[in-house]
Amino acid sequence: MDAITEDGLLDGRIRLRQPARGYRAGLDAALLAAACDAGPGQRVIEAGCGAGGALLAAAIRRPGASFTGVERDPRAAALARENIALNRLGERVTVVEGDVALRFAGLGLPPFDAAMANPPFFDDPGALRGPAPERRGAWMADDGLEAWIGFLSKAVREGGSITIVHRADRLGDILALLAPKAGSIQVRPIHPFADEPAKRVLVRAIKSGKAPLHLLPPLVLHDRDGGKHRPEVEAILRGEAALSWRP
């Protein structure tokens, strides 16, 4: 990593040191953290936590839960640990080095109550033109989306939740990969504008769940009047609101 910036998340409640170039915590990380609904005493794992943007935001939102981030890049893992210390969350948040391409059992950790991830958006090198080296790990899933969902499925106990934010056009793949191990699936589309197709989806599944799939009302990010975000989205970004999974 080269230059590092220090930024504020959740209206300044989190200080996040992250690379000036490469993957930086943004809207997807904020939505993933807002969608985490872990209760008091529960344990949550994030696969591919990077510098800890979503991990720390979820921990601030859910003060009764504990969090573990898994990161394969030693430099990003070290930065995440710095951020944990910077925000004085060491009692509830930790980071371990590991790769989703390897078995969850190799981490030597007991199953979690919840797992979450923002997997790299591409797993076909031909689908993305020449990502810069510092961005490749965040954008390219070397072992495919299947490895990510397989890891998340193994990481949670029976009845545990799996939450993913990803490209809307991969929804069919996500559902197919979750189906062997999970059910009770809920999908929330994320639209840039009300009159445009969804670009992202938030998907939540329950390991061994049996309830039918629910397509929830969409979250619309922007109005056409030129404002940066709609008020309900601003409230999420400031940490004043969460993303509910209630139908």
# chains A, B, ... in the order shown; residues from 1 in each chain; ligands from 1
$ select_by_dssp --residues "range 2-228 of chain A" --states "strand (DSSP E)" --output "NGL selection string"
:A and (4-9 or 14-19 or 43-47 or 66-71 or 93-97 or 112-117 or 156-167 or 182-191 or 200-207 or 214-215 or 219-220)
$ residues_around --residues "Val93 in chain A" --least-positions-apart "2" --cutoff "12 Å" --atoms "only C-alpha atoms" --output "short mmCIF file (atom, residue, chain, number, x, y, z; two decimals) with N, CA and C atoms, in the first residue's frame"
data_model
loop_
_atom_site.label_atom_id
_atom_site.label_comp_id
_atom_site.auth_asym_id
_atom_site.auth_seq_id
_atom_site.Cartn_x
_atom_site.Cartn_y
_atom_site.Cartn_z
N ARG A 43 -22.13 -13.74 17.27
CA ARG A 43 -20.82 -13.63 16.64
C ARG A 43 -21.00 -13.53 15.13
N VAL A 44 -20.30 -12.58 14.53
CA VAL A 44 -20.44 -12.30 13.10
C VAL A 44 -19.07 -12.39 12.44
N ILE A 45 -19.01 -13.00 11.26
CA ILE A 45 -17.78 -13.06 10.49
C ILE A 45 -17.98 -12.33 9.17
N GLU A 46 -16.98 -11.55 8.76
CA GLU A 46 -17.00 -10.94 7.44
C GLU A 46 -15.86 -11.53 6.61
N CYS A 49 -12.56 -8.66 4.54
CA CYS A 49 -12.91 -7.42 5.25
C CYS A 49 -12.09 -6.22 4.82
N GLY A 52 -11.43 -2.86 6.85
CA GLY A 52 -12.37 -2.94 7.96
C GLY A 52 -13.54 -1.99 7.91
N ALA A 54 -16.69 -2.06 6.45
CA ALA A 54 -17.98 -2.65 6.79
C ALA A 54 -17.93 -3.31 8.16
N LEU A 55 -16.83 -3.93 8.48
CA LEU A 55 -16.67 -4.64 9.76
C LEU A 55 -16.85 -3.68 10.94
N LEU A 56 -16.18 -2.55 10.89
CA LEU A 56 -16.25 -1.59 11.99
C LEU A 56 -17.61 -0.90 12.04
N ALA A 57 -18.16 -0.58 10.87
CA ALA A 57 -19.47 0.06 10.85
C ALA A 57 -20.54 -0.86 11.42
N ALA A 58 -20.47 -2.15 11.08
CA ALA A 58 -21.42 -3.10 11.63
C ALA A 58 -21.25 -3.23 13.14
N ALA A 59 -20.00 -3.20 13.61
CA ALA A 59 -19.74 -3.32 15.05
C ALA A 59 -20.29 -2.12 15.81
N ILE A 60 -20.16 -0.93 15.24
CA ILE A 60 -20.71 0.25 15.89
C ILE A 60 -22.23 0.18 15.92
N ARG A 62 -24.05 -2.53 15.97
CA ARG A 62 -24.51 -3.65 16.78
C ARG A 62 -23.58 -3.83 17.98
N PRO A 63 -23.70 -2.96 18.99
CA PRO A 63 -22.73 -2.94 20.08
C PRO A 63 -22.76 -4.19 20.95
N GLY A 64 -23.81 -5.01 20.87
CA GLY A 64 -23.86 -6.20 21.69
C GLY A 64 -23.26 -7.43 21.04
N ALA A 65 -22.85 -7.31 19.76
CA ALA A 65 -22.32 -8.45 19.02
C ALA A 65 -20.80 -8.34 18.90
N SER A 66 -20.16 -9.48 18.60
CA SER A 66 -18.72 -9.49 18.36
C SER A 66 -18.46 -9.85 16.90
N PHE A 67 -17.33 -9.38 16.36
CA PHE A 67 -17.07 -9.46 14.93
C PHE A 67 -15.67 -9.97 14.65
N THR A 68 -15.56 -10.81 13.62
CA THR A 68 -14.28 -11.30 13.14
C THR A 68 -14.19 -11.06 11.64
N GLY A 69 -13.13 -10.40 11.21
CA GLY A 69 -12.89 -10.21 9.79
C GLY A 69 -11.85 -11.18 9.29
N VAL A 70 -12.05 -11.68 8.07
CA VAL A 70 -11.08 -12.56 7.42
C VAL A 70 -10.55 -11.84 6.19
N ALA A 80 -6.51 -3.11 8.89
CA ALA A 80 -7.75 -3.34 9.62
C ALA A 80 -7.49 -3.39 11.12
N ARG A 81 -6.39 -4.02 11.52
CA ARG A 81 -6.07 -4.09 12.94
C ARG A 81 -5.76 -2.69 13.48
N GLU A 82 -5.08 -1.88 12.69
CA GLU A 82 -4.84 -0.49 13.09
C GLU A 82 -6.16 0.23 13.33
N ASN A 83 -7.11 0.01 12.42
CA ASN A 83 -8.40 0.69 12.53
C ASN A 83 -9.20 0.20 13.73
N ILE A 84 -9.08 -1.08 14.04
CA ILE A 84 -9.74 -1.59 15.24
C ILE A 84 -9.20 -0.88 16.48
N ALA A 85 -7.88 -0.75 16.55
CA ALA A 85 -7.27 -0.07 17.69
C ALA A 85 -7.61 1.41 17.69
N LEU A 86 -7.61 2.02 16.51
CA LEU A 86 -7.90 3.45 16.39
C LEU A 86 -9.29 3.78 16.92
N ASN A 87 -10.22 2.85 16.72
CA ASN A 87 -11.61 3.07 17.16
C ASN A 87 -11.94 2.38 18.48
N ARG A 88 -10.90 1.85 19.14
CA ARG A 88 -11.05 1.24 20.46
C ARG A 88 -12.12 0.16 20.49
N LEU A 89 -12.05 -0.71 19.49
CA LEU A 89 -13.02 -1.80 19.38
C LEU A 89 -12.37 -3.17 19.57
N GLY A 90 -11.17 -3.18 20.13
CA GLY A 90 -10.42 -4.42 20.26
C GLY A 90 -11.09 -5.48 21.11
N GLU A 91 -11.99 -5.10 21.99
CA GLU A 91 -12.66 -6.09 22.84
C GLU A 91 -13.71 -6.89 22.07
N VAL A 95 -9.34 -9.48 13.57
CA VAL A 95 -9.09 -9.83 12.17
C VAL A 95 -8.11 -10.99 12.13
N VAL A 96 -8.41 -11.97 11.29
CA VAL A 96 -7.51 -13.09 11.07
C VAL A 96 -7.17 -13.15 9.58
#
$ residues_around --residues "range 97-110 of chain A" --least-positions-apart "2" --cutoff "7 Å" --atoms "only C-alpha atoms" --output "list of chain:residue names"
A:Ala47, A:Val70, A:Glu71, A:Arg72, A:Pro74, A:Ala77, A:Val95, A:Phe112, A:Asp143, A:Ala147, A:Trp148, A:Phe151, A:Lys154, A:Ala155
$ write_last_selection --atoms "all heavy atoms" --output "mmCIF file, in the first residue's frame"
data_model
loop_
_atom_site.group_PDB
_atom_site.id
_atom_site.type_symbol
_atom_site.label_atom_id
_atom_site.label_comp_id
_atom_site.auth_asym_id
_atom_site.auth_seq_id
_atom_site.Cartn_x
_atom_site.Cartn_y
_atom_site.Cartn_z
ATOM 1 N N ALA A 47 -16.183 -12.067 5.454
ATOM 2 C CA ALA A 47 -15.175 -12.596 4.536
ATOM 3 C C ALA A 47 -14.678 -11.471 3.647
ATOM 4 O O ALA A 47 -15.471 -10.737 3.058
ATOM 5 C CB ALA A 47 -15.773 -13.712 3.683
ATOM 6 N N VAL A 70 -12.048 -11.677 8.069
ATOM 7 C CA VAL A 70 -11.085 -12.562 7.416
ATOM 8 C C VAL A 70 -10.546 -11.838 6.191
ATOM 9 O O VAL A 70 -11.323 -11.340 5.366
ATOM 10 C CB VAL A 70 -11.732 -13.896 6.992
ATOM 11 C CG1 VAL A 70 -10.705 -14.781 6.284
ATOM 12 C CG2 VAL A 70 -12.322 -14.604 8.193
ATOM 13 N N GLU A 71 -9.219 -11.751 6.077
ATOM 14 C CA GLU A 71 -8.600 -11.017 4.968
ATOM 15 C C GLU A 71 -7.333 -11.739 4.527
ATOM 16 O O GLU A 71 -6.500 -12.105 5.358
ATOM 17 C CB GLU A 71 -8.266 -9.585 5.405
ATOM 18 C CG GLU A 71 -7.539 -8.754 4.382
ATOM 19 C CD GLU A 71 -8.242 -8.699 3.034
ATOM 20 O OE1 GLU A 71 -9.462 -8.412 3.011
ATOM 21 O OE2 GLU A 71 -7.571 -8.970 2.012
ATOM 22 N N ARG A 72 -7.188 -11.949 3.214
ATOM 23 C CA ARG A 72 -6.028 -12.690 2.709
ATOM 24 C C ARG A 72 -4.807 -11.806 2.466
ATOM 25 O O ARG A 72 -3.683 -12.299 2.434
ATOM 26 C CB ARG A 72 -6.396 -13.417 1.423
ATOM 27 C CG ARG A 72 -6.575 -12.536 0.201
ATOM 28 C CD ARG A 72 -6.813 -13.372 -1.038
ATOM 29 N NE ARG A 72 -6.908 -12.540 -2.237
ATOM 30 C CZ ARG A 72 -7.051 -13.030 -3.461
ATOM 31 N NH1 ARG A 72 -7.115 -14.345 -3.632
ATOM 32 N NH2 ARG A 72 -7.131 -12.225 -4.499
ATOM 33 N N PRO A 74 -2.061 -9.528 3.681
ATOM 34 C CA PRO A 74 -1.487 -9.174 4.986
ATOM 35 C C PRO A 74 -1.456 -7.676 5.236
ATOM 36 O O PRO A 74 -1.624 -7.230 6.376
ATOM 37 C CB PRO A 74 -0.073 -9.760 4.927
ATOM 38 C CG PRO A 74 -0.128 -10.817 3.877
ATOM 39 C CD PRO A 74 -1.126 -10.345 2.867
ATOM 40 N N ALA A 77 -4.976 -6.622 6.153
ATOM 41 C CA ALA A 77 -5.284 -7.130 7.482
ATOM 42 C C ALA A 77 -4.604 -6.285 8.564
ATOM 43 O O ALA A 77 -5.205 -5.978 9.604
ATOM 44 C CB ALA A 77 -4.849 -8.591 7.604
ATOM 45 N N VAL A 95 -9.340 -9.480 13.568
ATOM 46 C CA VAL A 95 -9.088 -9.829 12.170
ATOM 47 C C VAL A 95 -8.112 -10.986 12.127
ATOM 48 O O VAL A 95 -7.113 -10.992 12.856
ATOM 49 C CB VAL A 95 -8.525 -8.624 11.384
ATOM 50 C CG1 VAL A 95 -8.009 -9.049 10.012
ATOM 51 C CG2 VAL A 95 -9.591 -7.544 11.218
ATOM 52 N N PHE A 112 -20.186 -19.390 13.216
ATOM 53 C CA PHE A 112 -20.694 -18.092 13.655
ATOM 54 C C PHE A 112 -22.219 -18.052 13.564
ATOM 55 O O PHE A 112 -22.847 -18.889 12.918
ATOM 56 C CB PHE A 112 -20.088 -16.990 12.799
ATOM 57 C CG PHE A 112 -18.632 -16.716 13.082
ATOM 58 C CD1 PHE A 112 -17.646 -17.570 12.625
ATOM 59 C CD2 PHE A 112 -18.255 -15.609 13.828
ATOM 60 C CE1 PHE A 112 -16.302 -17.325 12.894
ATOM 61 C CE2 PHE A 112 -16.928 -15.355 14.111
ATOM 62 C CZ PHE A 112 -15.954 -16.213 13.639
ATOM 63 N N ASP A 143 -11.213 -17.308 -7.331
ATOM 64 C CA ASP A 143 -11.788 -18.642 -7.242
ATOM 65 C C ASP A 143 -13.288 -18.646 -7.477
ATOM 66 O O ASP A 143 -13.963 -19.641 -7.224
ATOM 67 C CB ASP A 143 -11.462 -19.252 -5.875
ATOM 68 C CG ASP A 143 -9.972 -19.436 -5.697
ATOM 69 O OD1 ASP A 143 -9.428 -20.402 -6.234
ATOM 70 O OD2 ASP A 143 -9.362 -18.578 -5.044
ATOM 71 N N ALA A 147 -16.745 -19.976 -4.522
ATOM 72 C CA ALA A 147 -15.882 -20.119 -3.352
ATOM 73 C C ALA A 147 -16.345 -19.218 -2.216
ATOM 74 O O ALA A 147 -16.312 -19.623 -1.041
ATOM 75 C CB ALA A 147 -14.435 -19.795 -3.726
ATOM 76 N N TRP A 148 -16.780 -18.017 -2.539
ATOM 77 C CA TRP A 148 -17.229 -17.083 -1.512
ATOM 78 C C TRP A 148 -18.483 -17.597 -0.816
ATOM 79 O O TRP A 148 -18.560 -17.612 0.415
ATOM 80 C CB TRP A 148 -17.467 -15.707 -2.116
ATOM 81 C CG TRP A 148 -16.195 -14.985 -2.410
ATOM 82 C CD1 TRP A 148 -15.358 -15.188 -3.464
ATOM 83 C CD2 TRP A 148 -15.591 -13.970 -1.608
ATOM 84 N NE1 TRP A 148 -14.269 -14.356 -3.372
ATOM 85 C CE2 TRP A 148 -14.384 -13.593 -2.255
ATOM 86 C CE3 TRP A 148 -15.956 -13.331 -0.429
ATOM 87 C CZ2 TRP A 148 -13.546 -12.614 -1.735
ATOM 88 C CZ3 TRP A 148 -15.118 -12.354 0.088
ATOM 89 C CH2 TRP A 148 -13.927 -12.002 -0.564
ATOM 90 N N PHE A 151 -17.733 -20.616 1.319
ATOM 91 C CA PHE A 151 -17.092 -20.247 2.578
ATOM 92 C C PHE A 151 -18.123 -19.719 3.575
ATOM 93 O O PHE A 151 -18.140 -20.119 4.748
ATOM 94 C CB PHE A 151 -16.019 -19.186 2.316
ATOM 95 C CG PHE A 151 -15.273 -18.741 3.541
ATOM 96 C CD1 PHE A 151 -14.094 -19.370 3.922
ATOM 97 C CD2 PHE A 151 -15.744 -17.692 4.319
ATOM 98 C CE1 PHE A 151 -13.409 -18.961 5.058
ATOM 99 C CE2 PHE A 151 -15.062 -17.277 5.458
ATOM 100 C CZ PHE A 151 -13.889 -17.914 5.816
ATOM 101 N N LYS A 154 -20.314 -22.447 5.063
ATOM 102 C CA LYS A 154 -19.629 -23.253 6.066
ATOM 103 C C LYS A 154 -19.366 -22.471 7.352
ATOM 104 O O LYS A 154 -19.215 -23.066 8.427
ATOM 105 C CB LYS A 154 -18.302 -23.759 5.507
ATOM 106 C CG LYS A 154 -18.427 -24.789 4.394
ATOM 107 C CD LYS A 154 -18.938 -26.114 4.928
ATOM 108 C CE LYS A 154 -18.893 -27.186 3.849
ATOM 109 N NZ LYS A 154 -19.421 -28.482 4.343
ATOM 110 N N ALA A 155 -19.310 -21.164 7.247
ATOM 111 C CA ALA A 155 -18.906 -20.339 8.388
ATOM 112 C C ALA A 155 -19.999 -20.155 9.422
ATOM 113 O O ALA A 155 -19.712 -19.726 10.543
ATOM 114 C CB ALA A 155 -18.427 -18.969 7.902
#
$ atom_distance --atom1 "CA of Phe193 in chain A" --atom2 "CA of Glu232 in chain A"
13.5 Å
$ closest_atom_pairs --of "range 135-181 of chain A" --to "range 195-198 of chain A" --cutoff "10 Å" --atoms "only C-alpha atoms" --output "CSV"
residue,atom,partner,partner_atom,distance
A:Arg167,CA,A:Ala198,CA,8.7
A:Ala168,CA,A:Ala198,CA,6.2
A:Asp169,CA,A:Ala198,CA,8.6
$ residues_around --residues "Gly53 in chain A" --least-positions-apart "4" --cutoff "7 Å" --atoms "only C-alpha atoms" --output "CSV table (one decimal) with C-alpha atoms, in the first residue's frame"
chain,number,residue,atom,x,y,z
A,16,LEU,CA,-11.0,4.6,8.9
A,25,ALA,CA,-14.9,1.5,1.6
A,29,ALA,CA,-19.7,-1.5,2.5
A,57,ALA,CA,-19.5,0.1,10.8
$ closest_residue --among "A:Arg246, A:His229, A:Arg17, A:Arg61" --to "Leu216 in chain A" --atoms "only C-alpha atoms"
A:Arg246
$ select_by_dssp --residues "range 30-150 of chain A" --states "helix (DSSP H, G or I)" --output "VMD selection string"
chain A and resid 30 to 35 53 to 61 74 to 86 104 to 107 125 to 127 133 to 139 144 to 150
$ closest_residue --among "A:Arg170, A:Lys207, A:Arg224, A:His214" --to "Ala194 in chain A" --atoms "only C-alpha atoms"
A:Arg224
$ decode --residues "range 81-191 of chain A" --atoms "C-alpha atoms" --output "PDB file, in the first residue's frame"
ATOM      1  CA  ARG A  81      -6.070  -4.089  12.943  1.00  0.00           C
ATOM      2  CA  GLU A  82      -4.839  -0.493  13.094  1.00  0.00           C
ATOM      3  CA  ASN A  83      -8.397   0.686  12.529  1.00  0.00           C
ATOM      4  CA  ILE A  84      -9.738  -1.592  15.236  1.00  0.00           C
ATOM      5  CA  ALA A  85      -7.267  -0.070  17.692  1.00  0.00           C
ATOM      6  CA  LEU A  86      -7.900   3.445  16.387  1.00  0.00           C
ATOM      7  CA  ASN A  87     -11.605   3.069  17.156  1.00  0.00           C
ATOM      8  CA  ARG A  88     -11.048   1.245  20.460  1.00  0.00           C
ATOM      9  CA  LEU A  89     -13.021  -1.800  19.382  1.00  0.00           C
ATOM     10  CA  GLY A  90     -10.421  -4.416  20.264  1.00  0.00           C
ATOM     11  CA  GLU A  91     -12.660  -6.091  22.837  1.00  0.00           C
ATOM     12  CA  ARG A  92     -15.287  -6.997  20.241  1.00  0.00           C
ATOM     13  CA  VAL A  93     -13.577  -6.951  16.829  1.00  0.00           C
ATOM     14  CA  THR A  94     -10.674  -8.992  15.525  1.00  0.00           C
ATOM     15  CA  VAL A  95      -9.088  -9.829  12.170  1.00  0.00           C
ATOM     16  CA  VAL A  96      -7.506 -13.089  11.066  1.00  0.00           C
ATOM     17  CA  GLU A  97      -5.589 -13.769   7.882  1.00  0.00           C
ATOM     18  CA  GLY A  98      -7.247 -16.329   5.655  1.00  0.00           C
ATOM     19  CA  ASP A  99      -8.481 -16.984   2.136  1.00  0.00           C
ATOM     20  CA  VAL A 100     -12.051 -17.854   1.177  1.00  0.00           C
ATOM     21  CA  ALA A 101     -10.592 -20.271  -1.380  1.00  0.00           C
ATOM     22  CA  LEU A 102      -9.523 -22.458   1.551  1.00  0.00           C
ATOM     23  CA  ARG A 103     -11.845 -24.358   3.859  1.00  0.00           C
ATOM     24  CA  PHE A 104     -13.440 -22.427   6.724  1.00  0.00           C
ATOM     25  CA  ALA A 105     -12.383 -25.286   8.995  1.00  0.00           C
ATOM     26  CA  GLY A 106      -8.766 -24.305   8.362  1.00  0.00           C
ATOM     27  CA  LEU A 107      -9.269 -21.144  10.427  1.00  0.00           C
ATOM     28  CA  GLY A 108      -9.858 -23.225  13.549  1.00  0.00           C
ATOM     29  CA  LEU A 109     -12.905 -21.151  14.534  1.00  0.00           C
ATOM     30  CA  PRO A 110     -16.312 -22.390  15.702  1.00  0.00           C
ATOM     31  CA  PRO A 111     -19.282 -21.598  13.437  1.00  0.00           C
ATOM     32  CA  PHE A 112     -20.694 -18.092  13.655  1.00  0.00           C
ATOM     33  CA  ASP A 113     -24.234 -16.828  14.102  1.00  0.00           C
ATOM     34  CA  ALA A 114     -23.995 -14.640  11.013  1.00  0.00           C
ATOM     35  CA  ALA A 115     -21.705 -14.140   8.028  1.00  0.00           C
ATOM     36  CA  MET A 116     -21.503 -11.247   5.601  1.00  0.00           C
ATOM     37  CA  ALA A 117     -19.479 -10.304   2.534  1.00  0.00           C
ATOM     38  CA  ASN A 118     -19.105  -7.932  -0.365  1.00  0.00           C
ATOM     39  CA  PRO A 119     -17.454 -10.411  -2.761  1.00  0.00           C
ATOM     40  CA  PRO A 120     -15.374  -9.109  -5.679  1.00  0.00           C
ATOM     41  CA  PHE A 121     -17.748  -8.235  -8.494  1.00  0.00           C
ATOM     42  CA  PHE A 122     -15.983 -10.143 -11.276  1.00  0.00           C
ATOM     43  CA  ASP A 123     -14.670 -13.680 -11.614  1.00  0.00           C
ATOM     44  CA  ASP A 124     -14.010 -13.627 -15.358  1.00  0.00           C
ATOM     45  CA  PRO A 125     -10.802 -11.759 -16.308  1.00  0.00           C
ATOM     46  CA  GLY A 126     -12.334 -11.086 -19.713  1.00  0.00           C
ATOM     47  CA  ALA A 127     -15.206  -9.171 -18.123  1.00  0.00           C
ATOM     48  CA  LEU A 128     -12.990  -6.472 -16.649  1.00  0.00           C
ATOM     49  CA  ARG A 129     -10.408  -4.609 -18.658  1.00  0.00           C
ATOM     50  CA  GLY A 130      -7.000  -4.400 -17.000  1.00  0.00           C
ATOM     51  CA  PRO A 131      -7.715  -3.520 -13.338  1.00  0.00           C
ATOM     52  CA  ALA A 132      -4.825  -1.722 -11.697  1.00  0.00           C
ATOM     53  CA  PRO A 133      -2.767  -4.136  -9.561  1.00  0.00           C
ATOM     54  CA  GLU A 134      -3.829  -2.437  -6.330  1.00  0.00           C
ATOM     55  CA  ARG A 135      -7.494  -2.911  -7.262  1.00  0.00           C
ATOM     56  CA  ARG A 136      -7.380  -6.421  -8.683  1.00  0.00           C
ATOM     57  CA  GLY A 137      -7.887  -8.268  -5.406  1.00  0.00           C
ATOM     58  CA  ALA A 138     -11.005  -6.247  -4.608  1.00  0.00           C
ATOM     59  CA  TRP A 139     -12.517  -6.584  -8.089  1.00  0.00           C
ATOM     60  CA  MET A 140     -11.536 -10.098  -9.205  1.00  0.00           C
ATOM     61  CA  ALA A 141     -12.701 -13.216  -7.377  1.00  0.00           C
ATOM     62  CA  ASP A 142      -9.893 -15.557  -8.385  1.00  0.00           C
ATOM     63  CA  ASP A 143     -11.788 -18.642  -7.242  1.00  0.00           C
ATOM     64  CA  GLY A 144     -15.216 -17.461  -8.339  1.00  0.00           C
ATOM     65  CA  LEU A 145     -18.384 -16.502  -6.542  1.00  0.00           C
ATOM     66  CA  GLU A 146     -18.867 -20.177  -5.715  1.00  0.00           C
ATOM     67  CA  ALA A 147     -15.882 -20.119  -3.352  1.00  0.00           C
ATOM     68  CA  TRP A 148     -17.229 -17.083  -1.512  1.00  0.00           C
ATOM     69  CA  ILE A 149     -20.699 -18.465  -0.980  1.00  0.00           C
ATOM     70  CA  GLY A 150     -19.270 -21.858  -0.090  1.00  0.00           C
ATOM     71  CA  PHE A 151     -17.092 -20.247   2.578  1.00  0.00           C
ATOM     72  CA  LEU A 152     -19.987 -18.232   4.012  1.00  0.00           C
ATOM     73  CA  SER A 153     -22.227 -21.301   4.088  1.00  0.00           C
ATOM     74  CA  LYS A 154     -19.629 -23.253   6.066  1.00  0.00           C
ATOM     75  CA  ALA A 155     -18.906 -20.339   8.388  1.00  0.00           C
ATOM     76  CA  VAL A 156     -22.352 -20.201   9.993  1.00  0.00           C
ATOM     77  CA  ARG A 157     -24.214 -22.590  12.278  1.00  0.00           C
ATOM     78  CA  GLU A 158     -27.541 -24.171  11.374  1.00  0.00           C
ATOM     79  CA  GLY A 159     -30.064 -21.331  11.439  1.00  0.00           C
ATOM     80  CA  GLY A 160     -27.338 -18.717  11.007  1.00  0.00           C
ATOM     81  CA  SER A 161     -27.698 -15.895   8.512  1.00  0.00           C
ATOM     82  CA  ILE A 162     -25.671 -15.120   5.379  1.00  0.00           C
ATOM     83  CA  THR A 163     -25.783 -11.579   3.979  1.00  0.00           C
ATOM     84  CA  ILE A 164     -24.243 -10.552   0.656  1.00  0.00           C
ATOM     85  CA  VAL A 165     -24.138  -7.344  -1.379  1.00  0.00           C
ATOM     86  CA  HIS A 166     -23.364  -7.885  -5.046  1.00  0.00           C
ATOM     87  CA  ARG A 167     -24.181  -7.003  -8.639  1.00  0.00           C
ATOM     88  CA  ALA A 168     -27.856  -7.345  -9.500  1.00  0.00           C
ATOM     89  CA  ASP A 169     -27.046  -9.260 -12.676  1.00  0.00           C
ATOM     90  CA  ARG A 170     -25.488 -12.049 -10.583  1.00  0.00           C
ATOM     91  CA  LEU A 171     -28.643 -12.628  -8.544  1.00  0.00           C
ATOM     92  CA  GLY A 172     -29.474 -15.855 -10.382  1.00  0.00           C
ATOM     93  CA  ASP A 173     -26.011 -17.236  -9.655  1.00  0.00           C
ATOM     94  CA  ILE A 174     -26.208 -16.195  -6.003  1.00  0.00           C
ATOM     95  CA  LEU A 175     -29.556 -17.913  -5.505  1.00  0.00           C
ATOM     96  CA  ALA A 176     -28.370 -21.086  -7.234  1.00  0.00           C
ATOM     97  CA  LEU A 177     -25.208 -21.235  -5.129  1.00  0.00           C
ATOM     98  CA  LEU A 178     -27.087 -20.638  -1.874  1.00  0.00           C
ATOM     99  CA  ALA A 179     -29.806 -23.198  -2.631  1.00  0.00           C
ATOM    100  CA  PRO A 180     -27.968 -26.395  -1.569  1.00  0.00           C
ATOM    101  CA  LYS A 181     -27.296 -25.134   1.970  1.00  0.00           C
ATOM    102  CA  ALA A 182     -29.625 -22.197   2.671  1.00  0.00           C
ATOM    103  CA  GLY A 183     -33.181 -20.987   2.258  1.00  0.00           C
ATOM    104  CA  SER A 184     -35.600 -18.418   3.687  1.00  0.00           C
ATOM    105  CA  ILE A 185     -33.978 -16.034   1.204  1.00  0.00           C
ATOM    106  CA  GLN A 186     -34.753 -12.324   1.147  1.00  0.00           C
ATOM    107  CA  VAL A 187     -33.684 -10.018  -1.659  1.00  0.00           C
ATOM    108  CA  ARG A 188     -33.613  -6.222  -1.538  1.00  0.00           C
ATOM    109  CA  PRO A 189     -32.858  -4.544  -4.897  1.00  0.00           C
ATOM    110  CA  ILE A 190     -30.770  -1.367  -4.854  1.00  0.00           C
ATOM    111  CA  HIS A 191     -31.736   1.076  -7.620  1.00  0.00           C
TER     112      HIS A 191
END
